[in-house]
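One structure below.
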Amino acid sequence: MGSNNAVTIGLIIGIAVAIIMSSASLVMLAGINDKISTTIKHEQEEGVEVGAPGINKNEFYIFTQELNADEEKLGVPVAVFSLTEITVHKGDKITIHFINTAEEPDDRHTFTMETPYKMNYDMAGGESTTFSFTADTVGTFTYYCTYDLPSMIGQLIVLP
Ligand SMILES: [Cu+2]
């Protein structure tokens, strides 16, 4: 009888230990899963910007550029922005360095947007400015130069 009891107790302890260990490993697995999905989610959100050298998130340099083309022959202004697409997420604070690279002060260019991102930075040749704003409205918005429509334009894309 004594040895039978010992076997039974041993069996019970064994089963109890097995249950505790398997539930502990389940908890650990769940933790690892959480970690993995968080990491994947983070990488998806950050996109290609992760690890790209020299990129400051949401900071953009936009130069004006005069193309080597015959404006009169083409019938449209041949000035352009060096950056014609800016993609950000809602809530991002965006900083833009706008640089008018023209040598003549009379060669003015603007960085202009309508509502809801209403702004108008009008720079003489050789001037530059830095400004910031928050992308609080989702959608696609055109920025343009008031002097060089319809060709000197770009798009601000604000993702949710
Ligand atoms: Cu212009």
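In the structure tokens, chains take the letters A, B, ... in the order shown, each chain's residues start at 1, and ligands count up from 1 in the order shown.
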Q: Pick out the residues sitting within 7 Å of region 106-121 of chain A, and hand them over as a ChimeraX atom specification; count only C-alpha atoms, and ignore anything fewer than 5 positions along from it in its own chain.
A: /A:100,142-147
Q: Please provide as a ChimeraX atom specification all residues within 12 Å of region 85-93 of chain A, with the sequence filter that same-chain residues fewer than 2 positions apart are discarded (counting only C-alpha atoms).
A: /A:45-47,49,56-62,81-83,95-96,131-144,153-160
Any chance you could export the current selection's N, CA, C and O atoms as a short mmCIF file (atom, residue, chain, number, x, y, z; two decimals), in the first residue's frame?
```cif
data_model
loop_
_atom_site.label_atom_id
_atom_site.label_comp_id
_atom_site.auth_asym_id
_atom_site.auth_seq_id
_atom_site.Cartn_x
_atom_site.Cartn_y
_atom_site.Cartn_z
N GLU A 45 5.04 50.03 -41.12
CA GLU A 45 4.71 51.44 -40.95
C GLU A 45 5.86 52.33 -41.40
O GLU A 45 5.67 53.34 -42.04
N GLU A 46 7.07 51.91 -41.05
CA GLU A 46 8.23 52.74 -41.36
C GLU A 46 8.60 52.65 -42.84
O GLU A 46 9.21 53.54 -43.39
N GLY A 47 8.24 51.54 -43.49
CA GLY A 47 8.53 51.38 -44.91
C GLY A 47 10.00 51.43 -45.22
O GLY A 47 10.82 51.00 -44.41
N GLU A 49 12.02 53.79 -45.31
CA GLU A 49 12.84 54.82 -44.68
C GLU A 49 13.78 54.24 -43.62
O GLU A 49 14.76 54.85 -43.27
N ASN A 56 16.13 62.21 -42.98
CA ASN A 56 15.44 62.63 -41.77
C ASN A 56 13.96 62.56 -42.05
O ASN A 56 13.46 63.17 -43.00
N LYS A 57 13.27 61.79 -41.23
CA LYS A 57 11.86 61.55 -41.48
C LYS A 57 11.08 62.88 -41.59
O LYS A 57 11.21 63.73 -40.72
N ASN A 58 10.31 63.02 -42.67
CA ASN A 58 9.41 64.15 -42.85
C ASN A 58 10.13 65.50 -42.97
O ASN A 58 9.55 66.54 -42.70
N GLU A 59 11.40 65.46 -43.35
CA GLU A 59 12.12 66.70 -43.64
C GLU A 59 12.51 66.66 -45.12
O GLU A 59 13.14 65.70 -45.58
N PHE A 60 12.11 67.69 -45.86
CA PHE A 60 12.27 67.65 -47.31
C PHE A 60 12.96 68.91 -47.84
O PHE A 60 12.69 70.01 -47.36
N TYR A 61 13.81 68.73 -48.82
CA TYR A 61 14.47 69.84 -49.51
C TYR A 61 13.86 69.97 -50.89
O TYR A 61 13.84 69.01 -51.67
N ILE A 62 13.33 71.13 -51.20
CA ILE A 62 12.76 71.36 -52.52
C ILE A 62 13.50 72.52 -53.18
O ILE A 62 13.46 73.66 -52.69
N PHE A 81 9.87 72.03 -59.70
CA PHE A 81 10.37 71.73 -58.36
C PHE A 81 11.24 70.48 -58.47
O PHE A 81 10.92 69.55 -59.23
N SER A 82 12.31 70.43 -57.69
CA SER A 82 13.16 69.23 -57.72
C SER A 82 12.44 68.04 -57.12
O SER A 82 12.71 66.90 -57.46
N LEU A 83 11.50 68.31 -56.23
CA LEU A 83 10.74 67.23 -55.58
C LEU A 83 9.27 67.44 -55.91
O LEU A 83 8.70 68.48 -55.58
N THR A 95 8.64 69.26 -42.31
CA THR A 95 9.51 70.43 -42.45
C THR A 95 10.00 70.50 -43.89
O THR A 95 10.48 69.50 -44.44
N ILE A 96 9.82 71.65 -44.51
CA ILE A 96 10.25 71.83 -45.89
C ILE A 96 11.28 72.96 -45.98
O ILE A 96 11.08 74.05 -45.43
N PHE A 131 10.10 76.00 -43.39
CA PHE A 131 8.84 76.10 -42.66
C PHE A 131 8.32 74.71 -42.29
O PHE A 131 8.71 73.71 -42.91
N SER A 132 7.46 74.67 -41.29
CA SER A 132 6.90 73.40 -40.82
C SER A 132 5.39 73.50 -40.69
O SER A 132 4.85 74.57 -40.45
N PHE A 133 4.74 72.36 -40.88
CA PHE A 133 3.30 72.29 -40.64
C PHE A 133 2.93 70.85 -40.33
O PHE A 133 3.70 69.92 -40.59
N THR A 134 1.74 70.66 -39.76
CA THR A 134 1.28 69.32 -39.42
C THR A 134 0.29 68.83 -40.47
O THR A 134 -0.62 69.56 -40.86
N ALA A 135 0.51 67.60 -40.95
CA ALA A 135 -0.37 67.02 -41.97
C ALA A 135 -1.63 66.50 -41.29
O ALA A 135 -1.76 65.31 -41.00
N ASP A 136 -2.58 67.38 -41.05
CA ASP A 136 -3.76 66.97 -40.28
C ASP A 136 -4.96 66.58 -41.15
O ASP A 136 -5.97 66.14 -40.63
N THR A 137 -4.85 66.73 -42.46
CA THR A 137 -5.95 66.33 -43.35
C THR A 137 -5.45 65.29 -44.36
O THR A 137 -4.47 65.52 -45.07
N VAL A 138 -6.14 64.14 -44.41
CA VAL A 138 -5.77 63.06 -45.33
C VAL A 138 -6.20 63.40 -46.75
O VAL A 138 -7.26 64.00 -46.96
N GLY A 139 -5.38 63.04 -47.73
CA GLY A 139 -5.76 63.26 -49.12
C GLY A 139 -4.55 63.61 -49.97
O GLY A 139 -3.41 63.52 -49.53
N THR A 140 -4.82 63.99 -51.22
CA THR A 140 -3.77 64.39 -52.15
C THR A 140 -3.96 65.88 -52.47
O THR A 140 -5.06 66.30 -52.85
N PHE A 141 -2.90 66.65 -52.27
CA PHE A 141 -3.00 68.11 -52.41
C PHE A 141 -1.89 68.62 -53.32
O PHE A 141 -0.75 68.17 -53.23
N THR A 142 -2.24 69.55 -54.18
CA THR A 142 -1.25 70.09 -55.12
C THR A 142 -0.51 71.27 -54.51
O THR A 142 -1.12 72.14 -53.89
N TYR A 143 0.80 71.27 -54.67
CA TYR A 143 1.54 72.51 -54.39
C TYR A 143 2.06 73.04 -55.72
O TYR A 143 2.32 72.27 -56.65
N TYR A 144 2.16 74.35 -55.81
CA TYR A 144 2.50 74.94 -57.10
C TYR A 144 3.22 76.27 -56.92
O TYR A 144 3.26 76.84 -55.84
N ILE A 153 4.43 72.22 -60.59
CA ILE A 153 3.53 71.71 -59.54
C ILE A 153 4.10 70.44 -58.92
O ILE A 153 5.04 69.83 -59.44
N GLY A 154 3.50 70.06 -57.81
CA GLY A 154 3.85 68.80 -57.15
C GLY A 154 2.68 68.36 -56.28
O GLY A 154 1.68 69.08 -56.19
N GLN A 155 2.81 67.18 -55.68
CA GLN A 155 1.70 66.67 -54.87
C GLN A 155 2.14 66.27 -53.47
O GLN A 155 3.14 65.57 -53.30
N LEU A 156 1.36 66.74 -52.51
CA LEU A 156 1.51 66.28 -51.13
C LEU A 156 0.47 65.19 -50.89
O LEU A 156 -0.72 65.41 -51.05
N ILE A 157 0.95 63.99 -50.57
CA ILE A 157 0.05 62.86 -50.33
C ILE A 157 0.08 62.55 -48.83
O ILE A 157 1.13 62.20 -48.29
N VAL A 158 -1.08 62.72 -48.19
CA VAL A 158 -1.18 62.46 -46.75
C VAL A 158 -1.99 61.17 -46.55
O VAL A 158 -3.19 61.13 -46.83
N LEU A 159 -1.32 60.12 -46.10
CA LEU A 159 -1.95 58.83 -45.88
C LEU A 159 -2.57 58.81 -44.48
O LEU A 159 -2.11 59.54 -43.60
N PRO A 160 -3.61 57.99 -44.27
CA PRO A 160 -4.25 57.93 -42.95
C PRO A 160 -3.26 57.45 -41.88
O PRO A 160 -2.37 56.69 -42.18
#
```
Q: Return as a PyMOL selection string the full set of residues in region 58-129 of chain A whose backbone-based DSSP assignment is alpha helix (DSSP H).
A: chain A and resi 71-74
Q) Which polymer residues have any atom within 8 Å of an atom of Glu103 (chain A), counting only C-alpha atoms, with same-chain residues fewer than 2 positions away left out, as a PyMOL selection string? A) chain A and resi 101+105+107+125-126
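Distance check against ligand 1 using only C-alpha atoms and all ligand atoms: of A:Ile99, A:Val80, A:Glu104, A:Ala124, the minimum falls on A:Val80.
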Q: Have a look at CA of Ile94 (chain A) and CA of Asp148 (chain A) and let me know their distance in Å, one decimal.
A: 24.1 Å
(Q) For a test of reading the model, state the distance in Å between CA of Pro150 (chain A) and CA of Thr84 (chain A), rounded to one decimal. (A)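 We find that CA of Pro150 (chain A) and CA of Thr84 (chain A) lie 13.4 Å from each other.
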Q: Considering only C-alpha atoms and all ligand atoms, state which residue in the set A:Ala102, A:Met123, A:Ala79, A:Ala69 is at the smallest distance from ligand 1.
A: A:Ala79
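The residue that comes closest to ligand 1, out of A:Leu74, A:Thr64, A:His97, A:Thr129 and on the basis of only C-alpha atoms and all ligand atoms, is A:Thr64.
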